[in-house]
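Encoded as structure tokens, the structure appears first; notes follow it.
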Protein chains: 2
Amino acid sequence: MEISIGELSKRTGVLATTVRYYEDVGLMPAPPRTAGGRRSYGQAHVARLAFIRHARQLGFEVDAIRELLALNARPELPCAEVDVIARRHLAEVDGRIERLTALRAELSRMVGECGHGRVGECRVIEVLSDHGECLGDRH
Amino acid sequence: MEISIGELSKRTGVLATTVRYYEDVGLMPAPPRTAGGRRSYGQAHVARLAFIRHARQLGFEVDAIRELLALNARPELPCAEVDVIARRHLAEVDGRIERLTALRAELSRMVGECGHGRVGECRVIEVLSDHGECLGDRH
DNA sequence: TTAATTCCTCCAGCGGCTGGAGGAGCAAGC
DNA sequence: GCTTGCTCCTCCAGCCGCTGGAGGAATTAA
């Protein structure tokens, strides 16, 4: 099975430019080339790229993915480290949700108080002008 | 009241480098300079920068803030446009929370299924390798 | 053979800053 | 008046994770 970068792109849903970028940053290995100098991929590349794509979709950073790929290549190791990376990311996502939820409450209150009059009396503008108007000071 | 960029930074909590950046991108006006060529700010600058900072903390994009600032300068206009910008942003935040929450569920399931054995049998790695393992296909 | 398509490399740009280099201004102490 | 140390100046590069364009070479289809 010898696949062009375009075909690899089609099978994984990752843009060809992005595949080359992954090669640059060391997520994908430099594949063999055809006589004409074009990248030629095999089944292992498809699997690896699918792994990367999925991890990215789940929000893992490139550095974390590099670690996960390294661990994936050593199936005999205990998976404690995998667990650490995933839990760290989960905590990070939790934090993001929390911050966004607090922010959403503030925004929603602001919008709800807008009396649809003139800008000069608009609560949205007032709240933005004065941080003291906010419920939470976390942001 | 004549204030240096450092003092402005202290009063608003915005880094001096960031203030200069805001000037570059047109959020802050170019202030008058001292004889020695240093930026000199007044009360209006402090208020404007506080407004910008607060809007950024609430997640508004720089483009949206530019619009909000322009509207703020025209208090006689109806505030419908302010409302549109704020509601648009609220919807955007809602979308982000929704996506993150779905992602969190997937991550949490993954982590929960990890049997703390070897990498070769780790569910986290398996799920990452095979998108079919996921509950939602939204990501 | 020619035309269309795909691929190549290199480089720049997105957003929203942040930091460093290398230099000049300025306030306070001696 | 001079030095020391701080702040400020401009310019430029880098962060993350891509994305797209220019200009050219290779491949494929008609």
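Ordering of the structure tokens sets the chain letters (A, B, ...), residue numbers begin anew at 1 in every chain, and ligands are numbered from 1 in the order given.
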| field | Distance-based interface of chain A with chain C, 12 Å, counting only C-alpha atoms (C1' of nucleotides), as an MDAnalysis selection string | value | chainID A and resid 4:7 16:17 20 33:34 36:40
Kindly save the residues from that selection, with all heavy atoms included, as a short mmCIF file (atom, residue, chain, number, x, y, z; two decimals), in the first residue's frame.
data_model
loop_
_atom_site.label_atom_id
_atom_site.label_comp_id
_atom_site.auth_asym_id
_atom_site.auth_seq_id
_atom_site.Cartn_x
_atom_site.Cartn_y
_atom_site.Cartn_z
N SER A 4 -0.41 8.58 -1.53
CA SER A 4 0.06 9.97 -1.63
C SER A 4 -0.45 10.76 -0.43
O SER A 4 -1.36 10.33 0.29
CB SER A 4 -0.49 10.59 -2.91
OG SER A 4 -1.87 10.85 -2.76
N ILE A 5 0.10 11.94 -0.26
CA ILE A 5 -0.32 12.78 0.86
C ILE A 5 -1.79 13.18 0.71
O ILE A 5 -2.51 13.31 1.72
CB ILE A 5 0.59 14.02 1.00
CG1 ILE A 5 0.44 14.64 2.39
CG2 ILE A 5 0.33 15.05 -0.10
CD1 ILE A 5 1.45 15.72 2.71
N GLY A 6 -2.23 13.33 -0.52
CA GLY A 6 -3.63 13.68 -0.77
C GLY A 6 -4.57 12.57 -0.34
O GLY A 6 -5.62 12.81 0.27
N GLU A 7 -4.17 11.34 -0.66
CA GLU A 7 -4.98 10.19 -0.28
C GLU A 7 -4.99 10.02 1.24
O GLU A 7 -6.03 9.76 1.85
CB GLU A 7 -4.41 8.94 -0.96
CG GLU A 7 -5.18 7.67 -0.70
CD GLU A 7 -6.62 7.71 -1.18
OE1 GLU A 7 -6.91 8.45 -2.15
OE2 GLU A 7 -7.47 7.03 -0.56
N ALA A 16 -3.51 18.15 3.83
CA ALA A 16 -2.14 17.81 3.43
C ALA A 16 -1.14 18.81 4.03
O ALA A 16 -0.08 18.40 4.52
CB ALA A 16 -2.03 17.80 1.91
N THR A 17 -1.49 20.07 4.03
CA THR A 17 -0.59 21.08 4.62
C THR A 17 -0.36 20.79 6.10
O THR A 17 0.74 20.98 6.61
CB THR A 17 -1.17 22.49 4.47
OG1 THR A 17 -2.55 22.46 4.77
CG2 THR A 17 -0.97 23.03 3.07
N ARG A 20 2.08 17.93 6.56
CA ARG A 20 3.47 18.39 6.41
C ARG A 20 3.91 19.16 7.65
O ARG A 20 5.05 19.03 8.11
CB ARG A 20 3.61 19.24 5.14
CG ARG A 20 3.59 18.40 3.87
CD ARG A 20 3.94 19.20 2.61
NE ARG A 20 2.87 20.08 2.20
CZ ARG A 20 2.02 19.83 1.20
NH1 ARG A 20 2.14 18.73 0.48
NH2 ARG A 20 1.08 20.68 0.90
N ARG A 33 10.12 8.70 -0.08
CA ARG A 33 9.67 9.50 -1.21
C ARG A 33 9.66 8.66 -2.48
O ARG A 33 10.43 7.71 -2.62
CB ARG A 33 10.62 10.69 -1.42
CG ARG A 33 10.80 11.61 -0.24
CD ARG A 33 9.62 12.54 -0.08
NE ARG A 33 9.83 13.48 1.02
CZ ARG A 33 9.67 14.79 0.89
NH1 ARG A 33 9.30 15.31 -0.27
NH2 ARG A 33 9.86 15.60 1.91
N THR A 34 8.84 9.06 -3.44
CA THR A 34 8.86 8.43 -4.76
C THR A 34 10.06 8.96 -5.53
O THR A 34 10.74 9.88 -5.06
CB THR A 34 7.59 8.78 -5.56
OG1 THR A 34 7.62 10.19 -5.85
CG2 THR A 34 6.33 8.47 -4.78
N GLY A 36 10.07 10.82 -7.97
CA GLY A 36 9.82 12.24 -8.25
C GLY A 36 9.88 13.12 -7.03
O GLY A 36 9.66 14.33 -7.12
N GLY A 37 10.12 12.55 -5.85
CA GLY A 37 10.27 13.36 -4.65
C GLY A 37 9.00 13.55 -3.84
O GLY A 37 8.95 14.38 -2.94
N ARG A 38 7.97 12.76 -4.15
CA ARG A 38 6.71 12.93 -3.40
C ARG A 38 6.62 11.98 -2.22
O ARG A 38 7.14 10.87 -2.27
CB ARG A 38 5.53 12.69 -4.36
CG ARG A 38 5.61 13.68 -5.50
CD ARG A 38 4.42 13.60 -6.38
NE ARG A 38 4.35 14.79 -7.21
CZ ARG A 38 3.27 15.24 -7.78
NH1 ARG A 38 2.13 14.59 -7.63
NH2 ARG A 38 3.30 16.33 -8.50
N ARG A 39 5.95 12.45 -1.19
CA ARG A 39 5.81 11.63 0.02
C ARG A 39 4.95 10.41 -0.24
O ARG A 39 3.90 10.51 -0.89
CB ARG A 39 5.18 12.45 1.14
CG ARG A 39 6.08 13.53 1.69
CD ARG A 39 5.33 14.43 2.65
NE ARG A 39 6.19 15.45 3.23
CZ ARG A 39 6.53 16.56 2.61
NH1 ARG A 39 6.09 16.80 1.39
NH2 ARG A 39 7.32 17.45 3.20
N SER A 40 5.39 9.28 0.30
CA SER A 40 4.67 8.02 0.08
C SER A 40 4.38 7.37 1.44
O SER A 40 5.30 7.05 2.18
CB SER A 40 5.55 7.13 -0.78
OG SER A 40 4.99 5.84 -0.89
#
| request: Run DSSP on the backbone and give me the residues of chain A it puts in alpha helix (DSSP H), as a ChimeraX atom specification. | output: /A:5-12,16-24,43-57,62-72,80-113,123-129
| field | Residues within 9 Å of stretch 93-103 of chain B, only C-alpha atoms (C1' of nucleotides), excluding chain neighbours under 3 positions, as an NGL selection string | value | (:A and (57-59 or 93-94 or 96-98 or 100-101 or 103-104)) or (:B and (59 or 88-90 or 106-108 or 136 or 138-139))
| Contact residues around B:Val14 with only C-alpha atoms (C1' of nucleotides) at 10 Å, ignoring same-chain residues under 3 positions, as a list in words |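 Result of the neighbour search: Ile5, Gly6, Leu8, Ser9, Lys10, Arg11, Thr17, Thr18, Val19, Leu49, Ala50, Ile52 and Arg53 of chain B.
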| message | Using only C-alpha atoms for the distances, tell me which of A:Arg56, A:Arg109, A:Arg66, A:Arg118 is nearest to chain B. | response |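 Closest to chain B, using only C-alpha atoms: A:Arg118.
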Identify all chain D residues at most 12 Å from chain A by counting only C-alpha atoms (C1' of nucleotides); ligands do not count. Present them as a PDB file with all heavy atoms, in the first residue's frame.
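Output below, filename part_23.pdb:
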ATOM      1  P    DC D  16       4.692  26.791  21.966  1.00  0.00           P
ATOM      2  OP1  DC D  16       4.869  25.993  23.192  1.00  0.00           O
ATOM      3  OP2  DC D  16       5.594  26.647  20.815  1.00  0.00           O
ATOM      4  O5'  DC D  16       3.210  26.588  21.446  1.00  0.00           O
ATOM      5  C5'  DC D  16       2.094  26.850  22.282  1.00  0.00           C
ATOM      6  C4'  DC D  16       0.850  26.818  21.439  1.00  0.00           C
ATOM      7  O4'  DC D  16       0.759  28.040  20.672  1.00  0.00           O
ATOM      8  C3'  DC D  16       0.819  25.667  20.435  1.00  0.00           C
ATOM      9  O3'  DC D  16      -0.344  24.921  20.702  1.00  0.00           O
ATOM     10  C2'  DC D  16       0.786  26.363  19.064  1.00  0.00           C
ATOM     11  C1'  DC D  16       0.277  27.758  19.387  1.00  0.00           C
ATOM     12  N1   DC D  16       0.761  28.866  18.531  1.00  0.00           N
ATOM     13  C2   DC D  16      -0.124  29.884  18.165  1.00  0.00           C
ATOM     14  O2   DC D  16      -1.301  29.824  18.536  1.00  0.00           O
ATOM     15  N3   DC D  16       0.331  30.904  17.415  1.00  0.00           N
ATOM     16  C4   DC D  16       1.612  30.942  17.035  1.00  0.00           C
ATOM     17  N4   DC D  16       2.011  31.974  16.303  1.00  0.00           N
ATOM     18  C5   DC D  16       2.540  29.914  17.395  1.00  0.00           C
ATOM     19  C6   DC D  16       2.074  28.907  18.136  1.00  0.00           C
ATOM     20  P    DG D  17      -0.419  23.382  20.433  1.00  0.00           P
ATOM     21  OP1  DG D  17      -1.348  22.712  21.359  1.00  0.00           O
ATOM     22  OP2  DG D  17       0.968  22.896  20.262  1.00  0.00           O
ATOM     23  O5'  DG D  17      -1.110  23.449  19.001  1.00  0.00           O
ATOM     24  C5'  DG D  17      -2.439  23.948  18.919  1.00  0.00           C
ATOM     25  C4'  DG D  17      -2.776  24.191  17.470  1.00  0.00           C
ATOM     26  O4'  DG D  17      -2.093  25.384  17.016  1.00  0.00           O
ATOM     27  C3'  DG D  17      -2.338  23.084  16.508  1.00  0.00           C
ATOM     28  O3'  DG D  17      -3.386  22.852  15.595  1.00  0.00           O
ATOM     29  C2'  DG D  17      -1.146  23.701  15.797  1.00  0.00           C
ATOM     30  C1'  DG D  17      -1.628  25.123  15.715  1.00  0.00           C
ATOM     31  N9   DG D  17      -0.634  26.122  15.361  1.00  0.00           N
ATOM     32  C8   DG D  17       0.728  26.039  15.444  1.00  0.00           C
ATOM     33  N7   DG D  17       1.342  27.110  15.024  1.00  0.00           N
ATOM     34  C5   DG D  17       0.321  27.969  14.636  1.00  0.00           C
ATOM     35  C6   DG D  17       0.363  29.276  14.094  1.00  0.00           C
ATOM     36  O6   DG D  17       1.345  29.967  13.831  1.00  0.00           O
ATOM     37  N1   DG D  17      -0.910  29.782  13.840  1.00  0.00           N
ATOM     38  C2   DG D  17      -2.085  29.109  14.080  1.00  0.00           C
ATOM     39  N2   DG D  17      -3.218  29.740  13.774  1.00  0.00           N
ATOM     40  N3   DG D  17      -2.143  27.888  14.591  1.00  0.00           N
ATOM     41  C4   DG D  17      -0.906  27.381  14.844  1.00  0.00           C
ATOM     42  P    DC D  18      -3.416  21.443  14.832  1.00  0.00           P
ATOM     43  OP1  DC D  18      -4.786  21.321  14.286  1.00  0.00           O
ATOM     44  OP2  DC D  18      -2.878  20.414  15.702  1.00  0.00           O
ATOM     45  O5'  DC D  18      -2.379  21.687  13.657  1.00  0.00           O
ATOM     46  C5'  DC D  18      -2.803  22.055  12.340  1.00  0.00           C
ATOM     47  C4'  DC D  18      -3.272  23.483  12.296  1.00  0.00           C
ATOM     48  O4'  DC D  18      -2.169  24.355  12.594  1.00  0.00           O
ATOM     49  C3'  DC D  18      -3.795  23.892  10.941  1.00  0.00           C
ATOM     50  O3'  DC D  18      -5.188  24.146  11.019  1.00  0.00           O
ATOM     51  C2'  DC D  18      -3.025  25.148  10.547  1.00  0.00           C
ATOM     52  C1'  DC D  18      -2.323  25.554  11.841  1.00  0.00           C
ATOM     53  N1   DC D  18      -1.002  26.149  11.607  1.00  0.00           N
ATOM     54  C2   DC D  18      -0.899  27.483  11.172  1.00  0.00           C
ATOM     55  O2   DC D  18      -1.935  28.130  10.976  1.00  0.00           O
ATOM     56  N3   DC D  18       0.327  28.028  10.966  1.00  0.00           N
ATOM     57  C4   DC D  18       1.410  27.302  11.194  1.00  0.00           C
ATOM     58  N4   DC D  18       2.601  27.892  10.987  1.00  0.00           N
ATOM     59  C5   DC D  18       1.343  25.945  11.640  1.00  0.00           C
ATOM     60  C6   DC D  18       0.128  25.412  11.835  1.00  0.00           C
ATOM     61  P    DT D  19      -6.098  23.845   9.724  1.00  0.00           P
ATOM     62  OP1  DT D  19      -7.507  24.012  10.133  1.00  0.00           O
ATOM     63  OP2  DT D  19      -5.639  22.601   9.090  1.00  0.00           O
ATOM     64  O5'  DT D  19      -5.711  25.044   8.743  1.00  0.00           O
ATOM     65  C5'  DT D  19      -6.203  26.347   9.002  1.00  0.00           C
ATOM     66  C4'  DT D  19      -5.655  27.287   7.955  1.00  0.00           C
ATOM     67  O4'  DT D  19      -4.252  27.503   8.165  1.00  0.00           O
ATOM     68  C3'  DT D  19      -5.809  26.784   6.516  1.00  0.00           C
ATOM     69  O3'  DT D  19      -6.662  27.703   5.862  1.00  0.00           O
ATOM     70  C2'  DT D  19      -4.376  26.792   5.953  1.00  0.00           C
ATOM     71  C1'  DT D  19      -3.650  27.729   6.913  1.00  0.00           C
ATOM     72  N1   DT D  19      -2.195  27.479   7.122  1.00  0.00           N
ATOM     73  C2   DT D  19      -1.315  28.515   6.931  1.00  0.00           C
ATOM     74  O2   DT D  19      -1.656  29.626   6.570  1.00  0.00           O
ATOM     75  N3   DT D  19       0.002  28.196   7.177  1.00  0.00           N
ATOM     76  C4   DT D  19       0.509  26.983   7.585  1.00  0.00           C
ATOM     77  O4   DT D  19       1.716  26.846   7.778  1.00  0.00           O
ATOM     78  C5   DT D  19      -0.472  25.930   7.770  1.00  0.00           C
ATOM     79  C7   DT D  19      -0.029  24.590   8.201  1.00  0.00           C
ATOM     80  C6   DT D  19      -1.760  26.229   7.531  1.00  0.00           C
ATOM     81  P    DG D  20      -7.159  27.427   4.411  1.00  0.00           P
ATOM     82  OP1  DG D  20      -8.519  27.979   4.343  1.00  0.00           O
ATOM     83  OP2  DG D  20      -6.874  26.030   4.035  1.00  0.00           O
ATOM     84  O5'  DG D  20      -6.191  28.383   3.571  1.00  0.00           O
ATOM     85  C5'  DG D  20      -6.064  29.749   3.959  1.00  0.00           C
ATOM     86  C4'  DG D  20      -5.015  30.410   3.083  1.00  0.00           C
ATOM     87  O4'  DG D  20      -3.695  30.077   3.581  1.00  0.00           O
ATOM     88  C3'  DG D  20      -5.041  29.962   1.622  1.00  0.00           C
ATOM     89  O3'  DG D  20      -4.825  31.107   0.813  1.00  0.00           O
ATOM     90  C2'  DG D  20      -3.865  29.007   1.523  1.00  0.00           C
ATOM     91  C1'  DG D  20      -2.890  29.665   2.500  1.00  0.00           C
ATOM     92  N9   DG D  20      -1.856  28.777   3.020  1.00  0.00           N
ATOM     93  C8   DG D  20      -1.993  27.468   3.416  1.00  0.00           C
ATOM     94  N7   DG D  20      -0.882  26.926   3.841  1.00  0.00           N
ATOM     95  C5   DG D  20       0.051  27.939   3.717  1.00  0.00           C
ATOM     96  C6   DG D  20       1.438  27.958   4.014  1.00  0.00           C
ATOM     97  O6   DG D  20       2.139  27.054   4.464  1.00  0.00           O
ATOM     98  N1   DG D  20       2.015  29.198   3.733  1.00  0.00           N
ATOM     99  C2   DG D  20       1.330  30.279   3.230  1.00  0.00           C
ATOM    100  N2   DG D  20       2.048  31.383   3.015  1.00  0.00           N
ATOM    101  N3   DG D  20       0.039  30.280   2.954  1.00  0.00           N
ATOM    102  C4   DG D  20      -0.538  29.083   3.213  1.00  0.00           C
ATOM    103  P    DA D  25      10.827  24.104 -12.425  1.00  0.00           P
ATOM    104  OP1  DA D  25      12.297  24.205 -12.505  1.00  0.00           O
ATOM    105  OP2  DA D  25       9.944  24.463 -13.559  1.00  0.00           O
ATOM    106  O5'  DA D  25      10.453  22.617 -11.981  1.00  0.00           O
ATOM    107  C5'  DA D  25      11.022  22.070 -10.786  1.00  0.00           C
ATOM    108  C4'  DA D  25      10.212  20.855 -10.406  1.00  0.00           C
ATOM    109  O4'  DA D  25       8.844  21.267 -10.159  1.00  0.00           O
ATOM    110  C3'  DA D  25      10.141  19.785 -11.496  1.00  0.00           C
ATOM    111  O3'  DA D  25      10.334  18.520 -10.882  1.00  0.00           O
ATOM    112  C2'  DA D  25       8.736  19.929 -12.061  1.00  0.00           C
ATOM    113  C1'  DA D  25       7.967  20.381 -10.815  1.00  0.00           C
ATOM    114  N9   DA D  25       6.730  21.114 -11.078  1.00  0.00           N
ATOM    115  C8   DA D  25       6.590  22.272 -11.789  1.00  0.00           C
ATOM    116  N7   DA D  25       5.340  22.707 -11.844  1.00  0.00           N
ATOM    117  C5   DA D  25       4.635  21.765 -11.125  1.00  0.00           C
ATOM    118  C6   DA D  25       3.270  21.642 -10.806  1.00  0.00           C
ATOM    119  N6   DA D  25       2.342  22.520 -11.196  1.00  0.00           N
ATOM    120  N1   DA D  25       2.886  20.586 -10.069  1.00  0.00           N
ATOM    121  C2   DA D  25       3.823  19.698  -9.677  1.00  0.00           C
ATOM    122  N3   DA D  25       5.134  19.706  -9.908  1.00  0.00           N
ATOM    123  C4   DA D  25       5.474  20.774 -10.643  1.00  0.00           C
ATOM    124  P    DA D  26      10.570  17.222 -11.794  1.00  0.00           P
ATOM    125  OP1  DA D  26      11.701  16.498 -11.174  1.00  0.00           O
ATOM    126  OP2  DA D  26      10.578  17.611 -13.220  1.00  0.00           O
ATOM    127  O5'  DA D  26       9.241  16.389 -11.509  1.00  0.00           O
ATOM    128  C5'  DA D  26       8.978  15.929 -10.182  1.00  0.00           C
ATOM    129  C4'  DA D  26       7.584  15.364 -10.151  1.00  0.00           C
ATOM    130  O4'  DA D  26       6.640  16.396 -10.494  1.00  0.00           O
ATOM    131  C3'  DA D  26       7.331  14.203 -11.109  1.00  0.00           C
ATOM    132  O3'  DA D  26       6.647  13.218 -10.369  1.00  0.00           O
ATOM    133  C2'  DA D  26       6.430  14.817 -12.182  1.00  0.00           C
ATOM    134  C1'  DA D  26       5.671  15.856 -11.377  1.00  0.00           C
ATOM    135  N9   DA D  26       5.124  16.996 -12.099  1.00  0.00           N
ATOM    136  C8   DA D  26       5.806  17.921 -12.852  1.00  0.00           C
ATOM    137  N7   DA D  26       5.047  18.863 -13.357  1.00  0.00           N
ATOM    138  C5   DA D  26       3.781  18.538 -12.910  1.00  0.00           C
ATOM    139  C6   DA D  26       2.526  19.149 -13.097  1.00  0.00           C
ATOM    140  N6   DA D  26       2.348  20.259 -13.810  1.00  0.00           N
ATOM    141  N1   DA D  26       1.451  18.570 -12.511  1.00  0.00           N
ATOM    142  C2   DA D  26       1.635  17.452 -11.792  1.00  0.00           C
ATOM    143  N3   DA D  26       2.763  16.797 -11.540  1.00  0.00           N
ATOM    144  C4   DA D  26       3.805  17.389 -12.134  1.00  0.00           C
ATOM    145  P    DT D  27       6.832  11.673 -10.738  1.00  0.00           P
ATOM    146  OP1  DT D  27       7.246  10.987  -9.501  1.00  0.00           O
ATOM    147  OP2  DT D  27       7.620  11.544 -11.989  1.00  0.00           O
ATOM    148  O5'  DT D  27       5.331  11.259 -11.040  1.00  0.00           O
ATOM    149  C5'  DT D  27       4.334  11.616 -10.083  1.00  0.00           C
ATOM    150  C4'  DT D  27       3.051  11.957 -10.780  1.00  0.00           C
ATOM    151  O4'  DT D  27       3.193  13.103 -11.623  1.00  0.00           O
ATOM    152  C3'  DT D  27       2.458  10.878 -11.670  1.00  0.00           C
ATOM    153  O3'  DT D  27       1.409  10.286 -10.929  1.00  0.00           O
ATOM    154  C2'  DT D  27       1.974  11.631 -12.909  1.00  0.00           C
ATOM    155  C1'  DT D  27       2.053  13.082 -12.456  1.00  0.00           C
ATOM    156  N1   DT D  27       2.201  14.155 -13.463  1.00  0.00           N
ATOM    157  C2   DT D  27       1.112  14.936 -13.762  1.00  0.00           C
ATOM    158  O2   DT D  27       0.012  14.772 -13.264  1.00  0.00           O
ATOM    159  N3   DT D  27       1.347  15.939 -14.682  1.00  0.00           N
ATOM    160  C4   DT D  27       2.550  16.224 -15.313  1.00  0.00           C
ATOM    161  O4   DT D  27       2.638  17.156 -16.094  1.00  0.00           O
ATOM    162  C5   DT D  27       3.655  15.368 -14.952  1.00  0.00           C
ATOM    163  C7   DT D  27       4.996  15.589 -15.584  1.00  0.00           C
ATOM    164  C6   DT D  27       3.434  14.375 -14.054  1.00  0.00           C
TER     165       DT D  27
END
| Quick one: distance from atom CA of A:Ser129 to atom CA of B:Phe51 in Å, one decimal? | 4.8 Å
| task | Record the distance separating atom CA of B:His116 and atom CA of A:Val84, expressed in Å with one decimal. | result | 10.7 Å
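Excluding stretch 119-125 of chain A and any residue on its chain fewer than 5 positions from it, the residues at most 7 Å away by only C-alpha atoms (C1' of nucleotides) are Met110, Val111, Glu113 and Cys114 of chain A; Leu71, Asn72, Arg74, Pro75, Glu76, Leu77, Pro78 and Cys79 of chain B.
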Written selection (C-alpha atoms) as a CSV table (one decimal), in the first residue's frame:
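After the write, out-v1.csv holds the following:
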chain,number,residue,atom,x,y,z
A,110,MET,CA,-25.5,42.0,31.3
A,111,VAL,CA,-27.6,41.2,28.3
A,113,GLU,CA,-30.4,44.1,31.9
A,114,CYS,CA,-30.1,45.9,28.7
B,71,LEU,CA,-20.7,52.9,20.2
B,72,ASN,CA,-19.7,54.0,23.6
B,74,ARG,CA,-22.1,57.8,20.6
B,75,PRO,CA,-24.4,57.7,23.6
B,76,GLU,CA,-27.3,59.1,21.7
B,77,LEU,CA,-27.6,56.0,19.4
B,78,PRO,CA,-30.0,53.2,20.2
B,79,CYS,CA,-28.2,50.4,22.0
| said: Going by DSSP on the backbone, which residues of chain A come out as strand (DSSP E or B)? List them as a PyMOL selection string. | reply: chain A and resi 3+33+39+41+78+118
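Between chain A and the candidates B:Ala91, B:Leu69, B:Ile3, B:Leu128, the tightest atom-to-atom separation, counting only C-alpha atoms, involves B:Leu128.
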| note | Separating atom CA of A:Ala30 from atom CA of A:Ala44, to the nearest tenth of an Å, is a gap of 12.5 Å
